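> Structure supplied as protein.txt; contents: compact mmCIF, C-alpha atoms.
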# COMPACT_ATOMS: atom_id res chain seq x y z
CA MET A 1 0.00 0.00 0.00
CA ASP A 2 2.83 2.35 0.86
CA ARG A 3 4.53 1.52 -2.46
CA GLN A 4 1.39 2.41 -4.45
CA ASN A 5 1.09 5.74 -2.60
CA LEU A 6 4.74 6.51 -3.25
CA ALA A 7 4.32 5.67 -6.99
CA SER A 8 1.24 7.86 -7.29
CA SER A 9 2.86 10.76 -5.46
CA SER A 10 5.98 10.54 -7.63
CA ALA A 11 3.81 10.46 -10.78
CA LEU A 12 1.92 13.54 -9.65
CA ARG A 13 5.16 15.36 -8.97
CA GLY A 14 6.42 14.52 -12.49
CA GLY A 15 3.18 15.61 -14.22
CA ALA A 16 2.48 12.16 -15.90
CA THR A 17 -1.07 10.92 -16.63
CA VAL A 18 -2.22 7.96 -14.63
CA HIS A 19 -4.23 5.27 -16.61
CA PRO A 20 -6.60 2.85 -14.95
CA PRO A 21 -5.57 -0.82 -14.93
CA PRO A 22 -6.73 -2.85 -18.06
CA GLN A 23 -9.81 -5.01 -17.81
CA HIS A 24 -9.58 -8.79 -17.89
CA ASP A 25 -11.63 -9.20 -21.15
CA ALA A 26 -9.92 -6.41 -23.08
CA TRP A 27 -7.90 -8.84 -25.25
CA ILE A 28 -11.02 -10.87 -26.06
CA ASN A 29 -12.96 -7.78 -27.13
CA THR A 30 -10.09 -6.60 -29.30
CA TYR A 31 -9.85 -10.04 -31.02
CA ARG A 32 -13.57 -10.04 -31.73
CA ASN A 33 -13.38 -6.59 -33.29
CA LEU A 34 -10.37 -7.29 -35.52
CA HIS A 35 -11.16 -10.87 -36.58
CA PRO A 36 -13.81 -10.00 -39.23
CA GLN A 37 -11.49 -7.43 -40.78
CA TRP A 38 -8.63 -9.95 -40.87
CA GLN A 39 -10.84 -12.60 -42.49
CA SER A 40 -11.91 -10.17 -45.20
CA LEU A 41 -8.27 -9.69 -46.22
CA LEU A 42 -7.64 -13.44 -46.61
CA PRO A 43 -8.55 -15.32 -49.87
CA PRO A 44 -11.66 -17.52 -49.79
CA PRO A 45 -11.07 -20.99 -48.36
CA HIS A 46 -10.51 -23.94 -50.71
CA GLN A 47 -13.28 -26.51 -50.96
CA SER A 48 -12.44 -30.08 -51.69
CA ALA A 49 -14.13 -31.64 -54.70
CA ILE A 50 -17.02 -34.02 -54.24
CA PRO A 51 -15.90 -37.62 -54.92
CA ILE A 52 -17.45 -38.73 -58.22
CA SER A 53 -17.52 -42.04 -60.07
CA ILE A 54 -17.23 -42.02 -63.86
CA SER A 55 -18.47 -45.07 -65.74
CA ARG A 56 -15.55 -47.19 -66.90
CA VAL A 57 -17.61 -48.50 -69.81
CA ASN A 58 -18.17 -44.95 -71.05
CA GLN A 59 -14.47 -44.19 -70.96
CA VAL A 60 -13.49 -47.37 -72.79
CA ASP A 61 -16.25 -46.88 -75.37
CA ALA A 62 -15.06 -43.32 -75.97
CA GLY A 63 -11.57 -44.58 -76.77
CA ARG A 64 -12.93 -47.22 -79.14
CA LEU A 65 -15.11 -44.65 -80.89
CA ASP A 66 -12.10 -42.39 -81.42
CA ILE A 67 -10.24 -45.31 -83.00
CA GLU A 68 -13.20 -46.08 -85.25
CA MET A 69 -13.44 -42.43 -86.26
CA SER A 70 -9.78 -42.38 -87.22
CA ALA A 71 -10.24 -45.60 -89.22
CA MET A 72 -13.21 -44.12 -91.09
CA LEU A 73 -11.24 -41.00 -91.99
CA LYS A 74 -8.34 -43.16 -93.13
CA GLU A 75 -10.63 -45.26 -95.32
CA GLN A 76 -12.06 -42.17 -97.02
CA LEU A 77 -8.59 -40.74 -97.54
CA VAL A 78 -7.35 -44.00 -99.07
CA LYS A 79 -10.25 -43.95 -101.53
CA VAL A 80 -9.10 -40.54 -102.75
CA PHE A 81 -5.75 -42.04 -103.80
CA SER A 82 -7.18 -45.31 -105.11
CA LEU A 83 -6.49 -44.35 -108.75
CA MET A 84 -2.86 -43.55 -108.11
CA LYS A 85 0.11 -45.89 -108.07
CA PRO A 86 -0.70 -49.09 -106.11
CA GLY A 87 1.15 -49.38 -102.82
CA MET A 88 2.09 -45.71 -102.67
CA LEU A 89 0.16 -45.04 -99.46
CA PHE A 90 1.56 -48.17 -97.83
CA GLN A 91 4.99 -46.53 -97.66
CA TYR A 92 3.56 -43.49 -95.88
CA GLU A 93 1.03 -45.23 -93.64
CA PRO A 94 2.64 -43.99 -90.35
CA GLU A 95 2.59 -40.42 -91.66
CA LEU A 96 -1.06 -40.81 -92.66
CA ASP A 97 -2.03 -42.12 -89.22
CA ALA A 98 -0.13 -39.31 -87.51
CA PHE A 99 -1.79 -36.72 -89.73
CA LEU A 100 -5.28 -38.00 -88.90
CA GLU A 101 -4.51 -38.12 -85.18
CA PHE A 102 -3.19 -34.56 -85.37
CA LEU A 103 -6.39 -33.39 -87.06
CA ILE A 104 -8.54 -34.93 -84.34
CA TRP A 105 -6.34 -33.37 -81.63
CA ARG A 106 -6.26 -29.95 -83.35
CA PHE A 107 -10.02 -29.57 -83.67
CA SER A 108 -10.98 -31.14 -80.33
CA ILE A 109 -8.52 -31.04 -77.43
CA TRP A 110 -6.58 -27.96 -78.55
CA VAL A 111 -9.75 -25.82 -78.72
CA ASP A 112 -11.11 -27.18 -75.39
CA LYS A 113 -13.64 -29.46 -77.04
CA PRO A 114 -14.11 -33.20 -76.47
CA THR A 115 -13.00 -35.74 -79.03
CA PRO A 116 -15.77 -37.39 -81.10
CA GLY A 117 -15.84 -40.42 -78.83
CA ASN A 118 -15.85 -38.31 -75.66
CA ALA A 119 -18.63 -36.14 -77.05
CA LEU A 120 -20.82 -39.17 -77.74
CA MET A 121 -20.17 -40.50 -74.24
CA ASN A 122 -20.69 -37.07 -72.56
CA LEU A 123 -17.09 -36.84 -71.34
CA ARG A 124 -14.47 -34.11 -71.19
CA TYR A 125 -10.92 -33.75 -69.88
CA ARG A 126 -10.28 -32.05 -66.55
CA ASP A 127 -6.98 -31.03 -65.01
CA GLU A 128 -6.81 -33.25 -61.94
CA ARG A 129 -3.94 -31.26 -60.49
CA ALA A 130 -6.41 -28.44 -59.78
CA SER A 131 -8.67 -30.73 -57.77
CA GLU A 132 -9.29 -28.07 -55.11
CA ILE A 133 -12.12 -25.92 -56.43
CA ARG A 134 -12.75 -22.35 -55.38
CA GLY A 135 -16.28 -21.23 -54.81
CA LYS A 136 -19.42 -23.27 -54.49
CA VAL A 137 -19.25 -26.97 -55.32
CA ARG A 138 -22.46 -28.45 -56.69
CA THR A 139 -21.88 -31.70 -58.59
CA GLY A 140 -18.18 -32.42 -58.24
CA LEU A 141 -17.72 -32.17 -62.01
CA GLU A 142 -16.46 -28.61 -61.82
CA GLY A 143 -12.86 -27.92 -62.60
CA PRO A 144 -10.67 -26.33 -65.26
CA GLY A 145 -9.81 -28.03 -68.51
CA LEU A 146 -6.34 -28.93 -69.66
CA THR A 147 -3.67 -26.29 -69.68
CA VAL A 148 -1.71 -25.35 -72.81
CA ALA A 149 1.28 -27.37 -71.62
CA GLN A 150 -0.89 -30.44 -71.04
CA LYS A 151 -2.42 -30.13 -74.51
CA ILE A 152 0.99 -29.88 -76.16
CA TRP A 153 2.40 -32.82 -74.24
CA TYR A 154 -0.73 -34.83 -75.08
CA CYS A 155 -0.11 -34.17 -78.79
CA VAL A 156 3.58 -35.03 -78.46
CA ALA A 157 2.80 -38.33 -76.72
CA THR A 158 -0.16 -39.50 -78.81
CA VAL A 159 0.84 -38.21 -82.24
CA GLY A 160 4.61 -37.83 -82.17
CA GLY A 161 5.36 -40.76 -79.87
CA GLN A 162 3.30 -43.26 -81.82
CA TYR A 163 4.69 -42.04 -85.15
CA ILE A 164 8.33 -42.24 -84.01
CA TRP A 165 7.82 -45.70 -82.53
CA ALA A 166 6.08 -47.01 -85.68
CA ARG A 167 8.83 -45.65 -87.92
CA LEU A 168 11.54 -47.03 -85.66
CA GLN A 169 9.99 -50.49 -85.70
CA SER A 170 9.59 -50.53 -89.49
CA PHE A 171 13.16 -49.28 -89.98
CA SER A 172 14.60 -51.89 -87.62
CA ALA A 173 12.63 -54.65 -89.34
CA PHE A 174 13.79 -53.46 -92.77
CA ARG A 175 17.43 -53.26 -91.65
CA ARG A 176 17.10 -56.60 -89.79
CA TRP A 177 18.62 -55.34 -86.58
CA GLY A 178 17.45 -58.44 -84.76
CA ASP A 179 19.64 -60.82 -86.77
CA SER A 180 22.65 -62.23 -85.01
CA GLU A 181 24.87 -61.35 -87.99
CA GLN A 182 24.37 -57.64 -87.45
CA ARG A 183 26.81 -55.38 -85.65
CA SER A 184 26.78 -55.20 -81.89
CA LEU A 185 25.40 -51.64 -81.90
CA ALA A 186 22.37 -52.45 -84.08
CA ARG A 187 21.76 -55.64 -82.11
CA GLY A 188 21.94 -53.70 -78.84
CA VAL A 189 19.49 -51.06 -80.06
CA TRP A 190 17.08 -53.79 -81.13
CA LEU A 191 17.31 -55.49 -77.72
CA LEU A 192 16.77 -52.13 -76.02
CA MET A 193 13.64 -51.56 -78.13
CA GLN A 194 12.31 -54.97 -77.15
CA ARG A 195 12.89 -54.27 -73.46
CA MET A 196 11.26 -50.86 -73.71
CA GLU A 197 8.25 -52.40 -75.40
CA GLY A 198 7.99 -55.04 -72.70
CA ILE A 199 8.22 -52.45 -69.93
CA TYR A 200 5.58 -50.30 -71.63
CA LYS A 201 3.20 -53.26 -71.97
CA ALA A 202 3.70 -54.20 -68.32
CA ALA A 203 3.08 -50.60 -67.23
CA SER A 204 -0.03 -50.43 -69.44
CA PHE A 205 -1.35 -53.63 -67.89
CA SER A 206 -0.75 -52.28 -64.38
CA ASN A 207 -2.48 -49.03 -65.33
CA LEU A 208 -5.42 -51.04 -66.66
CA LEU A 209 -5.80 -52.82 -63.33
CA LEU A 210 -5.69 -49.48 -61.51
CA PHE A 211 -8.23 -48.06 -63.93
CA LEU A 212 -10.61 -50.95 -63.35
CA TYR A 213 -10.22 -50.50 -59.60
CA THR A 214 -10.43 -46.70 -59.34
CA GLY A 215 -12.08 -45.66 -62.62
CA ARG A 216 -9.48 -42.95 -63.28
CA PHE A 217 -6.89 -42.52 -66.08
CA ARG A 218 -7.55 -45.19 -68.71
CA ASN A 219 -4.01 -45.02 -70.17
CA LEU A 220 -0.50 -44.03 -69.16
CA ILE A 221 -0.60 -40.69 -71.00
CA GLU A 222 -3.63 -39.51 -69.06
CA ARG A 223 -2.07 -40.65 -65.79
CA ALA A 224 1.22 -38.87 -66.50
CA LEU A 225 -0.53 -35.63 -67.49
CA ARG A 226 -3.15 -35.93 -64.70
CA ALA A 227 -5.88 -35.49 -67.30
CA ARG A 228 -9.05 -37.12 -66.02
CA LEU A 229 -12.24 -37.80 -67.93
CA VAL A 230 -15.37 -36.46 -66.23
CA TYR A 231 -18.92 -35.96 -67.37
CA GLY A 232 -19.47 -32.85 -69.45
CA SER A 233 -23.11 -32.48 -68.39
CA PRO A 234 -24.38 -33.95 -65.11
CA ASN A 235 -27.94 -34.28 -66.45
CA MET A 236 -27.14 -36.46 -69.45
CA ASN A 237 -27.58 -40.17 -68.93
CA ARG A 238 -26.07 -42.99 -70.96
CA ALA A 239 -28.86 -44.39 -73.11
CA VAL A 240 -28.42 -48.06 -73.92
CA SER A 241 -30.55 -49.54 -76.71
CA PHE A 242 -30.64 -53.27 -77.30
CA GLU A 243 -32.76 -53.08 -80.46
CA TYR A 244 -29.92 -53.62 -82.92
CA MET A 245 -28.31 -56.22 -80.70
CA ASN A 246 -31.53 -58.24 -80.53
CA ARG A 247 -31.98 -57.96 -84.28
CA GLN A 248 -28.44 -59.17 -84.89
CA LEU A 249 -28.93 -62.12 -82.53
CA VAL A 250 -32.16 -63.13 -84.28
CA TRP A 251 -30.56 -63.07 -87.71
CA ASN A 252 -27.55 -65.02 -86.49
CA GLU A 253 -29.75 -67.74 -85.01
CA PHE A 254 -31.87 -67.84 -88.18
CA SER A 255 -28.84 -68.20 -90.44
CA GLU A 256 -27.43 -70.99 -88.26
CA LEU A 257 -30.78 -72.79 -88.46
CA LEU A 258 -30.76 -72.55 -92.26
CA LEU A 259 -27.20 -73.85 -92.43
CA LEU A 260 -28.28 -76.81 -90.31
CA LEU A 261 -31.42 -77.65 -92.32
CA LEU A 262 -30.32 -77.03 -95.90
CA PRO A 263 -28.05 -80.13 -96.15
CA LEU A 264 -30.95 -82.28 -94.90
CA LEU A 265 -33.33 -81.12 -97.63
CA ASN A 266 -33.51 -82.84 -101.02
CA SER A 267 -33.47 -80.14 -103.65
CA ALA A 268 -35.22 -82.31 -106.21
CA SER A 269 -38.09 -83.13 -103.89
CA VAL A 270 -38.44 -79.48 -102.91
CA LYS A 271 -38.59 -78.46 -106.57
CA SER A 272 -41.17 -81.12 -107.36
CA PHE A 273 -43.22 -80.02 -104.35
CA LEU A 274 -43.12 -76.36 -105.36
CA ARG A 275 -43.60 -76.97 -109.09
CA PRO A 276 -47.44 -77.01 -109.01
CA PHE A 277 -47.44 -73.66 -107.21
CA SER A 278 -44.86 -71.97 -109.44
CA LYS A 279 -45.99 -73.02 -112.96
CA ASP A 280 -49.33 -73.53 -114.65
CA LYS A 281 -50.34 -76.16 -117.20
CA SER A 282 -49.67 -73.94 -120.18
CA SER A 283 -46.06 -73.51 -119.13
CA ASP A 284 -45.71 -77.27 -118.59
CA SER A 285 -46.97 -77.95 -122.10
CA SER A 286 -44.40 -75.58 -123.57
CA VAL A 287 -41.40 -77.47 -122.07
CA ASP A 288 -39.19 -79.13 -124.69
CA GLU A 289 -39.33 -82.86 -123.95
CA SER A 290 -36.18 -83.51 -125.95
CA LEU A 291 -33.94 -81.63 -123.48
CA CYS A 292 -32.41 -83.16 -120.35
CA PRO A 293 -34.41 -82.03 -117.28
CA ILE A 294 -31.21 -81.67 -115.25
CA CYS A 295 -28.73 -79.82 -117.47
CA GLN A 296 -31.33 -78.44 -119.92
CA GLY A 297 -29.19 -79.53 -122.85
CA THR A 298 -29.48 -82.00 -125.68
CA PRO A 299 -28.57 -85.46 -124.32
CA SER A 300 -25.29 -86.65 -125.80
CA ILE A 301 -25.86 -90.25 -124.71
CA PRO A 302 -29.63 -90.33 -124.28
CA PHE A 303 -31.11 -92.47 -121.54
CA VAL A 304 -34.74 -92.61 -120.42
CA ALA A 305 -36.06 -92.96 -116.89
CA ILE A 306 -38.36 -95.86 -116.05
CA PRO A 307 -41.34 -95.63 -115.78
CA CYS A 308 -41.89 -91.97 -116.82
CA GLN A 309 -39.86 -92.34 -120.08
CA HIS A 310 -38.35 -88.84 -119.85
CA ARG A 311 -35.05 -88.43 -121.70
CA TYR A 312 -31.82 -87.65 -119.78
CA CYS A 313 -28.11 -87.46 -120.31
CA TYR A 314 -26.49 -90.66 -119.11
CA TYR A 315 -24.10 -88.82 -116.81
CA CYS A 316 -26.83 -86.60 -115.30
CA LEU A 317 -29.22 -89.48 -114.61
CA GLN A 318 -26.54 -91.87 -113.37
CA THR A 319 -25.05 -89.36 -110.90
CA ARG A 320 -28.46 -88.44 -109.50
CA CYS A 321 -29.55 -92.06 -109.10
CA SER A 322 -26.23 -93.03 -107.52
CA ALA A 323 -26.45 -90.14 -105.05
CA SER A 324 -30.02 -90.93 -103.97
CA SER A 325 -31.93 -94.19 -104.32
CA SER A 326 -35.22 -92.28 -104.05
CA PHE A 327 -34.47 -89.89 -106.91
CA ARG A 328 -37.58 -88.46 -108.55
CA CYS A 329 -37.91 -87.10 -112.02
CA PRO A 330 -37.73 -83.29 -111.91
CA ARG A 331 -40.20 -83.03 -114.78
CA CYS A 332 -43.04 -85.19 -113.51
CA GLY A 333 -42.13 -86.05 -109.93
CA GLU A 334 -42.26 -89.84 -110.43
CA PRO A 335 -39.66 -91.96 -108.61
CA VAL A 336 -37.04 -93.37 -111.00
CA ALA A 337 -36.92 -97.15 -110.61
CA ALA A 338 -34.59 -97.93 -113.51
CA MET A 339 -32.87 -96.37 -116.51
CA GLN A 340 -32.77 -97.50 -120.13
CA ARG A 341 -30.75 -96.37 -123.08
CA HIS A 342 -32.92 -94.75 -125.66
CA GLY A 343 -33.95 -97.67 -127.88
CA GLY A 344 -31.94 -100.16 -125.76
CA LEU A 345 -32.25 -102.50 -122.74
CA VAL A 346 -33.33 -101.57 -119.24
CA SER A 347 -30.59 -101.28 -116.58
CA ASN A 348 -31.52 -101.34 -112.91
CA ILE A 349 -30.34 -98.60 -110.56
CA PRO A 350 -27.67 -99.84 -108.13
CA GLN A 351 -28.82 -99.63 -104.53
CA LYS A 352 -26.69 -98.03 -101.79
CA GLN A 353 -25.35 -100.41 -99.20
Give the structure from the file, written as C-alpha cells.

Amino acid sequence: MDRQNLASSSALRGGATVHPPPQHDAWINTYRNLHPQWQSLLPPPHQSAIPISISRVNQVDAGRLDIEMSAMLKEQLVKVFSLMKPGMLFQYEPELDAFLEFLIWRFSIWVDKPTPGNALMNLRYRDERASEIRGKVRTGLEGPGLTVAQKIWYCVATVGGQYIWARLQSFSAFRRWGDSEQRSLARGVWLLMQRMEGIYKAASFSNLLLFLYTGRFRNLIERALRARLVYGSPNMNRAVSFEYMNRQLVWNEFSELLLLLLPLLNSASVKSFLRPFSKDKSSDSSVDESLCPICQGTPSIPFVAIPCQHRYCYYCLQTRCSASSSFRCPRCGEPVAAMQRHGGLVSNIPQKQ
C-alpha cells in the first residue's frame, strides 16, 4: 500500500497521466473486433471436390469410338488415292495415321472441345492437379480443362510418340537389326527396343488394373498428365438400346438354323413339291421334252427314266440315281426305278449299301 502511494505521489510530482488498470476481457474484445477485418483480407477458403464415379464403360467406349473415327477418316482418304500408283500409301502409312490423329487433336482437345468419342459419351478432360475448387461446389464435375502445356504434351505423346515408334519399328525390321549377324550396336538397339516395349506393356497392364479399380486414367498418358475424364453435363444419362443387338442375334440364329437344315433337304423333292405352285399347265406344255431335265441340254448319250420315259443325259441321270436311291424325275415327280438307253435294254439302278 505504501509503495502504491509513493508511486502515485511521484507520478503527480512529475506531471504524468495515470491510466486505470486494463480489464480482464480487453484482449477478447479486441480479437472479436479485428477478426472480421482480418478474415476479409484473406482469400476464400478452398473446398475439396465431391468424390465422383465415372463409368468405366463410357471411358473405354469413348476410346474405341475415337479409333473407329480415325479408321473411317483413313478409309475415305485412301479412296481418294485409289487411282494412283498401287502401294504408294503403304509406304507413308505412319505419316497418314499421324496426320489424322493430329487433325482430331487440333479440332478437339486444342480448342477445349471433347473428341468425337468423348462427345458421344458425354465426357471431357479435366486437369486433376487443380482438384481443389474455389467457390461453391455443386456436382463435383467442376474444374478447369487442360492447360496449354498439357495439350501440347498430349499431342507429343499421342501423335509424335506413336509415329516415331512405328517408324523405328519398321526401320529396324527393314534393316534386320534383330539378326545375329548384325553389328553389336544395331543388335543392342534392337534389344533395347524390345525391353522398352515389354516395360511399356507391363506398365499399361498395371495401369489397366488401376483403372478398373479406381475408374481414373484409362491409359498411361492420361495418368502422366493428370488429365481425367469427367462428365461434361451432369444431367445427361447414358442411353443403352438393345434393339440392334436383338436384331443381330435373331438373324444369327436364323442363319445358323438354315445352315443346319439345308443339307438335310432334297433339292429335287423341294422343286417337285413347289412346281405345281410356281408353274401352270400352259407352261408345262411348252417345255421341250427332248432336253435333259437336269442340265437343260441335248442329251449326248440319251437315256430314259423308267417308268416316266423322260429323256436324260447318261451322266446326269446316273449321278443323280447313284447319289439318292429315291431320286424323282424333276419333270413329272415320279420316282425313277430304272434307266434304259434310248432304244436299248433296261438297266436297274444300283442300290446303296
> One number please: atom CA of A:Tyr163 to atom CA of A:Leu100, in Å, one decimal.
11.4 Å
> Could you work out how far atom CA of A:Leu291 lies from atom CA of A:Thr319, giving the answer in Å with one decimal?
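Atom CA of A:Thr319 sits 17.2 Å away from atom CA of A:Leu291.
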> Tell me which protein, DNA and RNA residues are within 9 Å of A:Ala119, counting only C-alpha atoms, leaving out same-chain ones fewer than 5 positions away, and put them as a VMD selection string.
chain A and resid 62 113 to 114 124 232
> Let me make sure I understand: among A:Arg228, A:Lys151, A:Arg64, A:Arg223, which one has the smallest atom-to-atom distance to A:Arg126 if we use only C-alpha atoms?
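Of the candidates, the smallest distance to A:Arg126 is held by A:Arg228.
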> Between atom CA of A:Pro94 and atom CA of A:Val111, measure the distance and give it in Å to one decimal.
24.9 Å
> Which residues are close to A:Leu146, i.e. within 8 Å by all atoms listed in the file, leaving aside same-chain residues fewer than 6 positions away? Reply as a list in words.
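Neighbouring residues, sequence-local ones excluded: Asp112, Tyr125, Arg126, Asp127 and Ala227 of chain A.
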> Between A:Thr30, A:Leu257, A:Leu65, A:Glu93, which has the minimum distance to A:Leu77 (counting only C-alpha atoms)?
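Residue with the minimum atom-to-atom distance to A:Leu77: A:Glu93.
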> Looking at only C-alpha atoms, which of A:Ser290, A:Asn246, A:Gln91, A:Gln150 is the one that sits closest to A:Trp110?
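For A:Trp110, the nearest of the given residues is A:Gln150.
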> Select, from A:Phe90, A:Phe211, A:Trp165, A:Tyr154, the residue with the minimum atom-to-atom distance to A:Ala224, counting only C-alpha atoms.
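Closest residue, counting only C-alpha atoms: A:Tyr154.
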> Tell me which of A:Gln37, A:Asn122, A:Leu210, A:Ser204 sits closest to A:Asn235, counting all atoms listed in the file.
A:Asn122
> Using only C-alpha atoms, which residue out of A:Pro307, A:Pro36, A:Gly63, A:Pro330 lies closest to A:Met121?
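Distance minimum relative to A:Met121 lands on A:Gly63.
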